[in-house]
>>> print(open('input17.cif').read())   # mmCIF, C-alpha atoms
data_entry
#
loop_
_atom_site.label_atom_id
_atom_site.label_comp_id
_atom_site.auth_asym_id
_atom_site.auth_seq_id
_atom_site.Cartn_x
_atom_site.Cartn_y
_atom_site.Cartn_z
CA MET A 1 0.00 0.00 0.00
CA VAL A 2 2.85 2.39 0.82
CA SER A 3 4.50 1.77 -2.55
CA LYS A 4 1.22 2.21 -4.42
CA TRP A 5 0.44 5.45 -2.59
CA VAL A 6 3.90 7.01 -2.94
CA LEU A 7 4.30 5.93 -6.57
CA ALA A 8 1.18 7.98 -7.31
CA TRP A 9 2.94 11.18 -6.20
CA ASP A 10 4.32 13.10 -9.13
CA VAL A 11 7.04 15.71 -8.77
CA LYS A 12 6.08 16.76 -12.29
CA PRO A 13 3.53 15.36 -14.77
CA GLY A 14 4.19 11.70 -15.41
CA VAL A 15 7.27 11.50 -13.15
CA SER A 16 6.86 9.93 -9.71
CA LEU A 17 8.82 11.05 -6.67
CA ILE A 18 10.47 7.64 -6.26
CA ASN A 19 11.52 7.30 -9.90
CA TYR A 20 12.72 10.90 -10.07
CA CYS A 21 14.87 10.65 -6.96
CA PHE A 22 16.15 7.16 -7.76
CA GLU A 23 17.22 8.14 -11.29
CA ALA A 24 18.87 11.38 -10.14
CA LEU A 25 20.77 9.58 -7.37
CA ASP A 26 21.75 6.67 -9.61
CA LYS A 27 23.01 9.03 -12.33
CA SER A 28 25.16 10.93 -9.82
CA LYS A 29 26.47 7.70 -8.32
CA ARG A 30 27.55 6.34 -11.69
CA ALA A 31 29.22 9.66 -12.53
CA TYR A 32 31.09 9.57 -9.22
CA GLU A 33 32.21 5.94 -9.75
CA THR A 34 33.57 6.77 -13.22
CA GLY A 35 35.37 9.85 -11.93
CA GLU A 36 33.15 12.36 -13.75
CA LEU A 37 31.85 13.72 -10.44
CA SER A 38 33.92 14.71 -7.42
CA GLU A 39 33.15 13.23 -4.00
CA LYS A 40 32.09 16.67 -2.81
CA LYS A 41 29.51 16.96 -5.58
CA TRP A 42 28.39 13.35 -5.03
CA CYS A 43 27.89 14.22 -1.35
CA ARG A 44 25.88 17.30 -2.34
CA SER A 45 23.71 15.21 -4.68
CA GLN A 46 22.79 12.83 -1.85
CA GLU A 47 22.07 15.76 0.46
CA LYS A 48 19.78 17.37 -2.13
CA THR A 49 17.91 14.09 -2.66
CA ALA A 50 17.45 13.61 1.10
CA SER A 51 16.14 17.16 1.45
CA LYS A 52 13.83 16.90 -1.54
CA ILE A 53 12.18 13.75 -0.18
CA ALA A 54 11.73 15.38 3.23
CA GLU A 55 10.20 18.53 1.75
CA TYR A 56 7.88 16.52 -0.49
CA LEU A 57 6.67 14.16 2.24
CA HIS A 58 6.14 17.13 4.55
CA SER A 59 3.98 18.79 1.88
CA LYS A 60 1.86 15.64 1.46
CA THR A 61 1.27 14.88 5.15
CA THR A 62 0.14 16.71 8.27
CA TYR A 63 1.07 16.16 11.88
CA ASN A 64 -1.42 14.20 13.98
CA GLU A 65 -0.48 12.75 17.37
CA GLN A 66 -3.00 9.93 16.92
CA TYR A 67 -1.32 8.06 14.06
CA TYR A 68 1.99 6.21 14.42
CA ASP A 69 1.29 3.02 12.44
CA LEU A 70 2.57 3.27 8.87
CA THR A 71 -0.69 1.94 7.42
CA ASP A 72 -2.63 4.69 9.20
CA VAL A 73 -0.18 7.30 7.94
CA VAL A 74 -0.66 6.00 4.40
CA ILE A 75 -4.45 6.05 4.60
CA LYS A 76 -4.91 9.28 6.55
CA LYS A 77 -1.88 11.16 5.18
CA GLN A 78 -1.35 12.20 8.78
CA GLY A 79 1.01 11.03 11.47
CA GLN A 80 3.18 11.76 14.46
CA CYS A 81 6.95 11.53 14.57
CA LEU A 82 7.14 7.73 14.60
CA GLY A 83 4.73 7.29 11.68
CA LEU A 84 6.37 10.01 9.58
CA THR A 85 9.85 8.64 10.27
CA GLN A 86 8.75 5.20 9.11
CA LEU A 87 7.44 6.78 5.93
CA TYR A 88 10.72 8.56 5.29
CA TYR A 89 12.63 5.36 6.05
CA VAL A 90 10.65 3.40 3.44
CA VAL A 91 10.88 6.06 0.72
CA GLY A 92 14.53 6.85 1.41
CA LYS A 93 15.50 3.17 1.23
CA ALA A 94 13.52 2.79 -2.00
CA VAL A 95 15.57 5.45 -3.78
CA GLY A 96 18.90 4.13 -2.47
CA LEU A 97 19.66 6.32 0.55
CA GLU A 98 21.21 4.93 3.73
CA ILE A 99 18.71 5.72 6.52
CA VAL A 100 19.43 5.45 10.25
CA PRO A 101 16.35 5.95 12.47
CA ILE A 102 17.10 7.75 15.74
CA LEU A 103 15.31 7.85 19.07
CA VAL A 104 15.69 11.37 20.44
CA LEU A 105 16.00 11.21 24.22
CA PRO A 106 14.52 14.02 26.37
CA ASP A 107 16.78 16.63 27.93
CA TYR A 108 13.78 18.49 29.49
CA LYS A 109 15.02 21.80 28.12
CA THR A 110 14.69 21.50 24.35
CA VAL A 111 13.00 18.08 24.12
CA ALA A 112 10.33 17.26 26.71
CA ARG A 113 9.66 13.63 25.75
CA GLU A 114 10.96 10.88 23.48
CA HIS A 115 10.88 11.81 19.82
CA VAL A 116 11.72 9.97 16.58
CA ALA A 117 13.63 11.30 13.59
CA CYS A 118 16.35 9.94 11.30
CA LEU A 119 19.83 10.39 9.95
CA VAL A 120 20.76 10.00 6.29
CA GLN A 121 24.31 8.76 5.73
CA ILE A 122 25.97 10.41 2.76
CA SER A 123 29.51 10.28 1.38
CA GLU A 124 32.60 11.86 2.96
CA SER A 125 31.58 10.05 6.19
CA LYS A 126 28.88 12.63 6.74
CA TYR A 127 25.22 12.63 7.75
CA VAL A 128 22.21 14.92 7.57
CA GLN A 129 19.51 14.84 10.24
CA ILE A 130 15.90 14.77 8.99
CA ASP A 131 12.83 15.59 11.06
CA LEU A 132 9.56 15.52 9.13
CA THR A 133 7.44 16.81 12.02
CA SER A 134 9.24 20.16 11.97
CA ASN A 135 10.41 19.99 8.33
CA ILE A 136 14.04 20.42 9.39
CA THR A 137 17.03 19.08 7.48
CA SER A 138 20.35 19.78 9.18
CA LEU A 139 23.53 20.81 7.48
CA PRO A 140 25.88 17.90 6.68
CA PHE A 141 28.04 16.90 9.64
CA THR A 142 30.66 14.31 10.58
CA PHE A 143 29.06 12.18 13.27
CA HIS A 144 31.99 11.47 15.57
CA THR A 145 33.11 15.10 15.44
CA HIS A 146 29.80 16.27 16.86
CA TYR A 147 28.59 13.32 18.97
CA ALA A 148 30.27 11.35 21.75
CA SER A 149 29.13 7.84 22.62
CA GLU A 150 27.74 7.30 26.13
CA GLY A 151 26.74 3.66 26.50
CA ASP A 152 23.98 2.86 24.03
CA HIS A 153 23.27 6.52 23.14
CA ASP A 154 25.17 9.50 21.77
CA CYS A 155 25.42 13.01 23.22
CA LEU A 156 26.08 16.20 21.27
CA ILE A 157 29.53 17.64 21.96
CA ASP A 158 28.90 21.05 20.42
CA THR A 159 26.88 22.85 23.10
CA GLY A 160 26.38 25.77 20.71
CA ASN A 161 24.39 23.36 18.51
CA ARG A 162 24.93 25.44 15.35
CA LEU A 163 23.77 22.59 13.13
CA GLY A 164 20.35 22.23 14.78
CA LEU A 165 21.09 18.70 15.99
CA TYR A 166 19.41 16.89 18.87
CA GLN A 167 21.29 16.70 22.16
CA LYS A 168 20.82 13.00 22.98
CA ILE A 169 20.02 10.27 20.48
CA GLN A 170 20.01 6.50 20.22
CA ARG A 171 20.79 5.20 16.75
CA LEU A 172 18.50 2.37 15.66
CA ASP A 173 18.36 -0.30 12.99
CA TYR A 174 15.20 -1.68 11.38
CA HIS A 175 14.52 -3.87 14.44
CA GLY A 176 14.87 -0.84 16.68
CA LEU A 177 12.31 1.03 14.60
CA ARG A 178 9.91 -1.92 14.89
CA ALA A 179 10.48 -1.91 18.65
CA LEU A 180 9.17 1.67 18.79
CA VAL A 181 6.02 0.59 16.97
CA CYS A 182 5.49 -2.35 19.35
CA ASN A 183 5.94 -0.01 22.30
CA ALA A 184 3.37 2.42 20.90
CA ARG A 185 0.87 -0.38 20.25
CA ALA A 186 1.42 -1.67 23.77
CA ARG A 187 0.67 1.78 25.18
CA ASP A 188 -2.64 1.73 23.29
CA CYS A 189 -3.46 -1.69 24.73
CA GLU A 190 -2.60 -0.44 28.20
CA ALA A 191 -4.95 2.52 27.74
CA ASP A 192 -7.68 0.07 26.70
CA HIS A 193 -7.02 -2.00 29.87
CA ASN A 194 -5.77 -4.95 27.81
CA SER A 195 -2.85 -5.69 30.14
CA GLU A 196 -2.02 -9.14 28.79
CA GLN A 197 -1.61 -7.88 25.22
CA ALA A 198 0.29 -4.82 26.48
CA ILE A 199 2.85 -7.01 28.26
CA SER A 200 3.21 -9.19 25.17
CA LEU A 201 3.89 -6.17 22.95
CA PHE A 202 6.28 -4.54 25.43
CA SER A 203 8.12 -7.87 25.55
CA ASP A 204 8.29 -7.89 21.73
CA ALA A 205 9.77 -4.39 21.83
CA ILE A 206 12.38 -5.51 24.35
CA GLU A 207 13.28 -8.55 22.26
CA LEU A 208 13.71 -6.35 19.17
CA ASN A 209 15.78 -3.78 21.07
CA PRO A 210 17.00 -4.96 24.49
CA ASN A 211 18.48 -1.49 25.11
CA TYR A 212 15.12 0.28 24.77
CA ALA A 213 14.78 1.61 28.32
CA SER A 214 11.26 2.98 27.88
CA ALA A 215 9.85 -0.42 26.94
CA TRP A 216 11.25 -1.90 30.16
CA ALA A 217 9.86 1.04 32.15
CA ASN A 218 6.45 0.82 30.49
CA ARG A 219 6.19 -2.91 31.12
CA ALA A 220 7.02 -2.27 34.78
CA ILE A 221 3.96 0.00 35.06
CA VAL A 222 1.67 -2.74 33.71
CA TYR A 223 3.08 -5.29 36.15
CA LEU A 224 2.58 -2.79 38.97
CA ASN A 225 -1.04 -2.22 37.95
CA LEU A 226 -1.55 -5.99 37.86
CA GLY A 227 -0.40 -6.19 41.49
CA ASP A 228 3.04 -7.69 40.90
CA PRO A 229 5.44 -5.09 42.35
CA GLN A 230 8.39 -7.49 42.54
CA ILE A 231 8.54 -8.14 38.78
CA ALA A 232 7.76 -4.47 38.20
CA LEU A 233 10.78 -3.55 40.34
CA GLN A 234 13.05 -5.83 38.31
CA ASP A 235 11.88 -4.21 35.06
CA ILE A 236 12.22 -0.64 36.29
CA ASP A 237 15.68 -1.26 37.71
CA HIS A 238 16.73 -2.64 34.33
CA ALA A 239 15.35 0.48 32.65
CA ILE A 240 17.32 2.68 35.05
CA ASP A 241 20.51 0.68 34.42
CA LEU A 242 20.04 1.31 30.70
CA TYR A 243 19.24 5.01 30.99
CA PRO A 244 19.78 6.50 34.46
CA GLU A 245 18.72 9.97 33.29
CA MET A 246 15.05 9.05 32.83
CA PRO A 247 12.97 10.75 35.55
CA GLU A 248 9.83 8.79 34.63
CA ALA A 249 11.65 5.57 35.54
CA PHE A 250 12.53 6.87 39.01
CA ASN A 251 8.94 8.07 39.45
CA THR A 252 7.72 4.57 38.61
CA ARG A 253 10.29 3.08 40.98
CA GLY A 254 8.89 5.31 43.71
CA LEU A 255 5.36 4.10 42.99
CA ILE A 256 6.50 0.48 43.15
CA LEU A 257 8.31 0.98 46.47
CA SER A 258 5.29 2.84 47.84
CA LYS A 259 3.14 -0.16 46.88
CA LYS A 260 5.55 -2.30 48.89
CA GLN A 261 5.11 0.19 51.79
CA ASP A 262 8.79 1.13 51.60
CA TYR A 263 7.99 4.83 51.89
CA GLU A 264 11.45 6.11 52.79
CA ASN A 265 13.07 4.56 49.71
CA ALA A 266 10.09 5.60 47.60
CA ILE A 267 10.78 9.20 48.61
CA GLN A 268 14.43 8.78 47.57
CA ALA A 269 13.29 7.60 44.14
CA PHE A 270 10.98 10.61 43.77
CA ASN A 271 13.86 12.85 44.90
CA THR A 272 15.94 11.57 41.98
CA ALA A 273 13.07 12.04 39.53
CA ILE A 274 12.75 15.67 40.64
CA GLN A 275 16.52 16.23 40.48
CA LEU A 276 16.45 15.04 36.86
CA ASN A 277 13.38 17.13 35.98
CA SER A 278 12.57 19.94 38.39
CA ARG A 279 9.21 20.53 36.63
CA PHE A 280 7.96 16.97 37.11
CA ALA A 281 4.59 17.68 38.76
CA LYS A 282 3.64 14.01 39.11
CA ALA A 283 6.80 13.25 41.08
CA TYR A 284 6.03 16.06 43.53
CA ASN A 285 2.47 14.78 43.93
CA ASN A 286 3.64 11.19 44.45
CA ARG A 287 6.32 12.21 46.92
CA GLY A 288 3.66 14.16 48.80
CA VAL A 289 1.59 10.97 49.14
CA ASN A 290 4.54 9.18 50.74
CA TYR A 291 5.31 12.04 53.11
CA TRP A 292 1.64 11.88 54.16
CA LYS A 293 1.88 8.15 54.79
CA LEU A 294 4.87 8.82 57.04
CA GLY A 295 2.90 11.46 58.91
CA GLN A 296 5.07 14.32 57.62
CA TYR A 297 2.13 16.56 56.79
CA GLU A 298 3.91 19.87 56.22
CA LYS A 299 6.32 18.31 53.74
CA SER A 300 3.38 16.62 52.05
CA ILE A 301 1.51 19.92 51.66
CA ARG A 302 4.63 21.61 50.25
CA ASP A 303 4.93 18.93 47.59
CA TYR A 304 1.27 19.10 46.61
CA SER A 305 1.51 22.88 46.43
CA GLU A 306 4.56 22.68 44.17
CA ALA A 307 2.78 20.18 41.92
CA LEU A 308 -0.12 22.63 41.66
CA ARG A 309 2.20 25.54 40.95
CA LEU A 310 3.58 23.55 38.02
CA LYS A 311 0.15 22.28 36.89
CA SER A 312 -2.73 24.41 38.13
CA ASP A 313 -5.42 21.95 36.96
CA TYR A 314 -3.85 18.91 38.68
CA VAL A 315 -7.01 17.40 40.18
CA SER A 316 -5.28 14.58 42.06
CA ALA A 317 -3.00 17.04 43.84
CA TYR A 318 -5.98 19.11 44.99
CA VAL A 319 -7.75 16.05 46.38
CA ASN A 320 -4.56 14.78 48.01
CA ARG A 321 -3.80 18.13 49.63
CA ALA A 322 -7.40 18.32 50.86
CA THR A 323 -6.89 14.96 52.59
CA VAL A 324 -3.83 16.24 54.43
CA TYR A 325 -5.61 19.46 55.40
CA GLY A 326 -8.42 17.30 56.75
CA TYR A 327 -6.02 15.23 58.86
CA MET A 328 -4.63 18.49 60.21
CA GLU A 329 -8.21 19.63 61.01
CA ARG A 330 -7.90 22.50 58.52
CA TYR A 331 -11.34 21.73 57.14
CA GLU A 332 -12.03 25.04 55.36
CA GLU A 333 -8.85 24.62 53.30
CA ALA A 334 -9.76 20.99 52.62
CA VAL A 335 -13.18 22.06 51.30
CA ARG A 336 -11.57 24.77 49.17
CA ASP A 337 -9.20 22.28 47.51
CA CYS A 338 -12.01 19.83 46.81
CA SER A 339 -14.04 22.63 45.23
CA LEU A 340 -11.10 23.54 43.00
CA ALA A 341 -10.77 19.89 41.97
CA ILE A 342 -14.47 19.83 41.07
CA GLN A 343 -14.06 23.03 39.08
CA TYR A 344 -11.47 21.31 36.85
CA ALA A 345 -13.11 17.85 36.89
CA PRO A 346 -16.88 18.01 37.54
CA ALA A 347 -17.18 14.20 37.37
CA CYS A 348 -14.47 13.48 39.96
CA TYR A 349 -16.34 11.43 42.54
CA GLN A 350 -13.36 11.44 44.93
CA ALA A 351 -13.53 15.22 45.20
CA TYR A 352 -17.24 15.14 46.07
CA GLN A 353 -16.71 12.30 48.53
CA SER A 354 -13.82 14.10 50.21
CA ARG A 355 -15.64 17.43 50.32
CA GLY A 356 -18.67 15.73 51.83
CA LEU A 357 -16.52 14.35 54.64
CA TRP A 358 -14.98 17.75 55.38
CA TYR A 359 -18.34 19.51 55.21
CA GLY A 360 -19.44 17.02 57.86
CA LYS A 361 -16.53 18.03 60.06
CA LEU A 362 -17.64 21.65 59.68
CA ASP A 363 -21.16 20.59 60.74
CA LYS A 364 -22.60 21.55 57.34
CA LYS A 365 -24.76 18.47 57.23
CA GLU A 366 -26.92 19.26 54.21
CA ARG A 367 -23.94 20.09 52.01
CA ALA A 368 -22.16 17.01 53.28
CA GLN A 369 -25.12 14.81 52.45
CA ASP A 370 -25.53 16.34 48.98
CA ASP A 371 -21.87 15.75 48.13
CA LEU A 372 -21.82 12.20 49.46
CA LEU A 373 -24.98 11.30 47.56
CA TYR A 374 -23.60 12.84 44.38
CA ALA A 375 -20.32 10.94 44.83
CA GLN A 376 -22.35 7.75 45.19
CA ALA A 377 -24.27 8.55 42.02
CA LEU A 378 -21.02 9.09 40.12
CA LYS A 379 -19.18 6.05 41.38
CA GLY A 380 -21.64 3.76 43.13
CA PRO A 381 -21.91 2.80 46.83
CA LEU A 382 -19.20 4.36 48.94
CA GLU A 383 -16.93 2.04 50.88
#
>>> encode(input="input17.cif", output="structure tokens")
Amino acid sequence: MVSKWVLAWDVKPGVSLINYCFEALDKSKRAYETGELSEKKWCRSQEKTASKIAEYLHSKTTYNEQYYDLTDVVIKKQGQCLGLTQLYYVVGKAVGLEIVPILVLPDYKTVAREHVACLVQISESKYVQIDLTSNITSLPFTFHTHYASEGDHDCLIDTGNRLGLYQKIQRLDYHGLRALVCNARARDCEADHNSEQAISLFSDAIELNPNYASAWANRAIVYLNLGDPQIALQDIDHAIDLYPEMPEAFNTRGLILSKKQDYENAIQAFNTAIQLNSRFAKAYNNRGVNYWKLGQYEKSIRDYSEALRLKSDYVSAYVNRATVYGYMERYEEAVRDCSLAIQYAPACYQAYQSRGLWYGKLDKKERAQDDLLYAQALKGPLE
């Protein structure tokens, strides 16, 4: 289907994109091999072909976070970074380019989450970096002059970043690209509460790329949700060994340890998550829960307040802070936080249930009864 769709694209009447680029590249290659074309010009020809494909695919597709599967991208002509990178990979390979998919790792300054793009290897030991989502093609660069290897990923040496390159990347092969797709499908299964299929797909991703830290971390979350914190801990520790700069992994480790009632070590894990990403609202909220369980109420409130400063509509943090205020007999503040939670999430039964309890403590019986009845209607009988 991909071939049929792309072959229908004409760069000019009667000339398809694939045939046009393949013939231009092949002609330049033959001229270079016979000495009619210098290596510099052969390098420039490859760069122009890589750029032309990127510009053309960008003009034919639009960004849509929903679509990552190549078939969906083909049908919808829309896709997110993973889907568009797969498309470039297929077309680039078809015309004779050497394509290296890359997983862009977050640095929480310029890149907030994992991203997918690709490198095109050209002559003179150089590469260009292609990102269809932003329609950016870098200037040619020598890889080992600009990147230093750190374990299974590479870090940019040039802090000035004049070439527009990503700071941290993991170079992938075809199996690594497939692993990203399996991981994305597993996340969809997880969202649909199909845990068994999610674990199977995360395991496929790990088999395809054993160094894919996020797949290990994501599988740990499913095991935790299934009530198996010990296996979850093994998976998350493996993820951290692979990529110790991933705050989400330490946040998950904290959740696992909290489930095991190891609150002190859970707090240490959340501390690391926050050190790695000081704007990680979930880690502050989760650390606040563990401080509360240890009876350290003031520290708990500080964490919830910081989570809310970072994310003003964070419903869980409002409800959690209300609980602590209630334990401290600060009932008016507890009611206020529950009301704010309801403002952002009118169907949040926990907020109504909590507010009903605190209204009761304030001897506002009618309001308490109304909230508790409404919570029951939203969720069912209260425990």
>>> resolve_selection(input="input17.cif", expression="the PyMOL selection byres ((chain A and resi 19-26) around 8)", output="list in words")
Val11, Val15, Ser16, Leu17, Ile18, Lys27, Ser28, Lys29, Arg30, Ser45, Gln46, Thr49, Ile53, Ala94, Val95 and Gly96 of chain A
>>> write_last_selection(input="input17.cif", atoms="C-alpha atoms", output="mmCIF file, keeping the file's coordinate frame")
data_model
loop_
_atom_site.group_PDB
_atom_site.id
_atom_site.type_symbol
_atom_site.label_atom_id
_atom_site.label_comp_id
_atom_site.auth_asym_id
_atom_site.auth_seq_id
_atom_site.Cartn_x
_atom_site.Cartn_y
_atom_site.Cartn_z
ATOM 1 C CA VAL A 11 7.040 15.710 -8.770
ATOM 2 C CA VAL A 15 7.270 11.500 -13.150
ATOM 3 C CA SER A 16 6.860 9.930 -9.710
ATOM 4 C CA LEU A 17 8.820 11.050 -6.670
ATOM 5 C CA ILE A 18 10.470 7.640 -6.260
ATOM 6 C CA LYS A 27 23.010 9.030 -12.330
ATOM 7 C CA SER A 28 25.160 10.930 -9.820
ATOM 8 C CA LYS A 29 26.470 7.700 -8.320
ATOM 9 C CA ARG A 30 27.550 6.340 -11.690
ATOM 10 C CA SER A 45 23.710 15.210 -4.680
ATOM 11 C CA GLN A 46 22.790 12.830 -1.850
ATOM 12 C CA THR A 49 17.910 14.090 -2.660
ATOM 13 C CA ILE A 53 12.180 13.750 -0.180
ATOM 14 C CA ALA A 94 13.520 2.790 -2.000
ATOM 15 C CA VAL A 95 15.570 5.450 -3.780
ATOM 16 C CA GLY A 96 18.900 4.130 -2.470
#
>>> residues_around(input="input17.cif", residues="region 164-170 of chain A", least_positions_apart="4", cutoff="10 Å", atoms="only C-alpha atoms", output="ChimeraX atom specification")
/A:101-107,110-111,114-118,128-130,136-139,141,146-160,176,211-212
>>> resolve_selection(input="input17.cif", expression="the PyMOL selection byres ((chain A and resi 173) around 12)", output="number ranges by chain")
A: 86, 89, 98-103, 118-119, 170-172, 174-180, 208-209
>>> closest_residue(input="input17.cif", among="A:Tyr297, A:Tyr359, A:Phe270, A:Trp216", to="Ser339 (chain A)", atoms="only C-alpha atoms")
A:Tyr359
>>> axis_aligned_box(input="input17.cif", around="region 136-139 of chain A", padding_each_side="3 Å", output="JSON")
{"center_x": 18.8, "center_y": 19.9, "center_z": 8.4, "size_x": 15.5, "size_y": 7.7, "size_z": 7.9}
>>> resolve_selection(input="input17.cif", expression="the PyMOL selection byres ((chain A and resi 199-204) around 10)", output="number ranges by chain")
A: 178-187, 189-190, 194-198, 205-210, 214-223
>>> residues_around(input="input17.cif", residues="region 275-287 of chain A", least_positions_apart="3", cutoff="8 Å", atoms="all atoms listed in the file", output="list in words")
Tyr108, Glu245, Met246, Pro247, Asn251, Gly254, Leu255, Ala266, Ile267, Phe270, Asn271, Thr272, Asn290, Tyr291, Ser300, Asp303, Tyr304, Glu306, Ala307, Leu308, Leu310, Lys311, Ser316 and Ala317 of chain A
>>> atom_distance(input="input17.cif", atom1="CA of Tyr327 (chain A)", atom2="CA of Lys259 (chain A)")
21.5 Å
>>> atom_distance(input="input17.cif", atom1="CA of Val324 (chain A)", atom2="CA of Tyr349 (chain A)")
17.9 Å
